[in-house]
Amino acid sequence: MRSNSIKCSGGGRRDIKVQLEGRALDVLRLLRIHIYAASTQIPCPMCGSRGVGVSFNVREHQNRYYCTICTPRGGSLVDLVIALGYAGNFHGAVTFLREKLELEN
Ligand SMILES: [Zn+2]
């Protein structure tokens, strides 16, 4: 029985979460989002904060983003990679982040 090549399901989420600790600003730069998002609200890169001007921010110590207009109204930085179209699913987003931020696989 072969047991190789089955490694991208389960378990990955906790690993990437740990790997991204302290890297929120690097993720913002990578996604071309102004790092002001970590200290105040800025125009949302997904919805453009239509009608209210600013609605988007990132909580650096939680590694989560929030937008008062988008649905859903937030998620992890991995979710943000997907929401911005840099990857089509969780696994793709993790691969993207690991490659661009030079994290271990
Ligand atoms: Zn939004």
# chains A, B, ... in the order shown; residues from 1 in each chain; ligands from 1
call {"tool": "closest_atom_pairs", "arguments": {"of": "chain A", "to": "ligand 1", "cutoff": "7 Å", "atoms": "only C-alpha atoms and all ligand atoms", "output": "JSON lines"}}
result
{"residue": "A:Cys44", "atom": "CA", "partner": "ligand 1", "partner_atom_place_in_ligand_line": "1 (Zn)", "distance": 4.6}
{"residue": "A:Pro45", "atom": "CA", "partner": "ligand 1", "partner_atom_place_in_ligand_line": "1 (Zn)", "distance": 6.6}
{"residue": "A:Met46", "atom": "CA", "partner": "ligand 1", "partner_atom_place_in_ligand_line": "1 (Zn)", "distance": 5.0}
{"residue": "A:Cys47", "atom": "CA", "partner": "ligand 1", "partner_atom_place_in_ligand_line": "1 (Zn)", "distance": 4.1}
{"residue": "A:Gly48", "atom": "CA", "partner": "ligand 1", "partner_atom_place_in_ligand_line": "1 (Zn)", "distance": 6.1}
{"residue": "A:Ser49", "atom": "CA", "partner": "ligand 1", "partner_atom_place_in_ligand_line": "1 (Zn)", "distance": 5.5}
{"residue": "A:Ser55", "atom": "CA", "partner": "ligand 1", "partner_atom_place_in_ligand_line": "1 (Zn)", "distance": 6.4}
{"residue": "A:Phe56", "atom": "CA", "partner": "ligand 1", "partner_atom_place_in_ligand_line": "1 (Zn)", "distance": 6.1}
{"residue": "A:Cys67", "atom": "CA", "partner": "ligand 1", "partner_atom_place_in_ligand_line": "1 (Zn)", "distance": 4.7}
{"residue": "A:Thr68", "atom": "CA", "partner": "ligand 1", "partner_atom_place_in_ligand_line": "1 (Zn)", "distance": 6.5}
{"residue": "A:Ile69", "atom": "CA", "partner": "ligand 1", "partner_atom_place_in_ligand_line": "1 (Zn)", "distance": 4.9}
{"residue": "A:Cys70", "atom": "CA", "partner": "ligand 1", "partner_atom_place_in_ligand_line": "1 (Zn)", "distance": 4.0}
call {"tool": "closest_atom_pairs", "arguments": {"of": "stretch 46-82 of chain A", "to": "stretch 20-39 of chain A", "cutoff": "10 Å", "atoms": "only C-alpha atoms", "output": "Markdown table"}}
result
| residue | atom | partner | partner_atom | distance |
| --- | --- | --- | --- | --- |
| A:Val54 | CA | A:Ala37 | CA | 10.0 |
| A:Ser55 | CA | A:Ala37 | CA | 9.8 |
| A:Phe56 | CA | A:Ala37 | CA | 6.8 |
| A:Asn57 | CA | A:Ala37 | CA | 4.6 |
| A:Val58 | CA | A:Ala38 | CA | 4.8 |
| A:Arg59 | CA | A:Ala38 | CA | 5.9 |
| A:Glu60 | CA | A:Ala24 | CA | 5.5 |
| A:His61 | CA | A:Gly22 | CA | 7.1 |
| A:Gln62 | CA | A:Glu21 | CA | 8.3 |
| A:Asn63 | CA | A:Ala24 | CA | 6.0 |
| A:Arg64 | CA | A:Ala24 | CA | 8.6 |
| A:Tyr65 | CA | A:Ala37 | CA | 8.9 |
| A:Tyr66 | CA | A:Ala37 | CA | 9.8 |
| A:Leu77 | CA | A:Val27 | CA | 7.6 |
| A:Val78 | CA | A:Leu20 | CA | 9.3 |
| A:Leu80 | CA | A:Leu31 | CA | 8.8 |
| A:Val81 | CA | A:Leu31 | CA | 7.3 |
call {"tool": "write_last_selection", "arguments": {"atoms": "N, CA and C atoms", "output": "CSV table (one decimal), in the first residue's frame"}}
result
chain,number,residue,atom,x,y,z
A,54,VAL,N,-14.7,53.9,3.5
A,54,VAL,CA,-13.8,52.9,4.1
A,54,VAL,C,-14.6,51.9,4.9
A,55,SER,N,-14.2,50.7,4.9
A,55,SER,CA,-14.9,49.6,5.6
A,55,SER,C,-14.0,48.4,5.9
A,56,PHE,N,-12.7,48.5,5.5
A,56,PHE,CA,-11.9,47.3,5.5
A,56,PHE,C,-10.7,47.5,6.5
A,57,ASN,N,-10.5,46.5,7.4
A,57,ASN,CA,-9.3,46.6,8.2
A,57,ASN,C,-8.8,45.2,8.5
A,58,VAL,N,-7.5,45.1,8.9
A,58,VAL,CA,-6.9,43.8,9.2
A,58,VAL,C,-6.5,43.9,10.7
A,59,ARG,N,-6.8,42.9,11.5
A,59,ARG,CA,-6.3,42.8,12.8
A,59,ARG,C,-5.1,41.9,12.8
A,60,GLU,N,-4.0,42.7,13.0
A,60,GLU,CA,-2.7,42.1,12.8
A,60,GLU,C,-2.4,40.9,13.7
A,61,HIS,N,-2.9,41.0,15.0
A,61,HIS,CA,-2.5,40.0,15.9
A,61,HIS,C,-3.5,38.8,15.9
A,62,GLN,N,-4.6,39.0,15.2
A,62,GLN,CA,-5.5,37.8,14.9
A,62,GLN,C,-5.2,37.3,13.5
A,63,ASN,N,-4.5,38.0,12.7
A,63,ASN,CA,-4.4,37.6,11.3
A,63,ASN,C,-5.7,37.4,10.6
A,64,ARG,N,-6.6,38.3,10.9
A,64,ARG,CA,-7.9,38.3,10.2
A,64,ARG,C,-8.3,39.6,9.6
A,65,TYR,N,-9.1,39.6,8.6
A,65,TYR,CA,-9.6,40.8,8.0
A,65,TYR,C,-11.1,41.0,8.2
A,66,TYR,N,-11.5,42.2,8.2
A,66,TYR,CA,-12.9,42.5,8.4
A,66,TYR,C,-13.3,43.6,7.4
A,77,LEU,N,-6.4,35.5,6.9
A,77,LEU,CA,-5.6,36.1,5.8
A,77,LEU,C,-5.6,35.1,4.6
A,78,VAL,N,-5.7,33.8,4.9
A,78,VAL,CA,-5.8,32.8,3.8
A,78,VAL,C,-7.1,33.0,3.0
A,80,LEU,N,-8.5,35.8,2.7
A,80,LEU,CA,-8.4,37.0,2.0
A,80,LEU,C,-7.6,36.8,0.6
A,81,VAL,N,-6.7,35.9,0.7
A,81,VAL,CA,-5.9,35.5,-0.6
A,81,VAL,C,-7.0,35.0,-1.6
call {"tool": "closest_residue", "arguments": {"among": "A:Thr71, A:Lys100, A:Lys17, A:Pro43", "to": "A:Tyr86", "atoms": "only C-alpha atoms"}}
result
A:Lys100
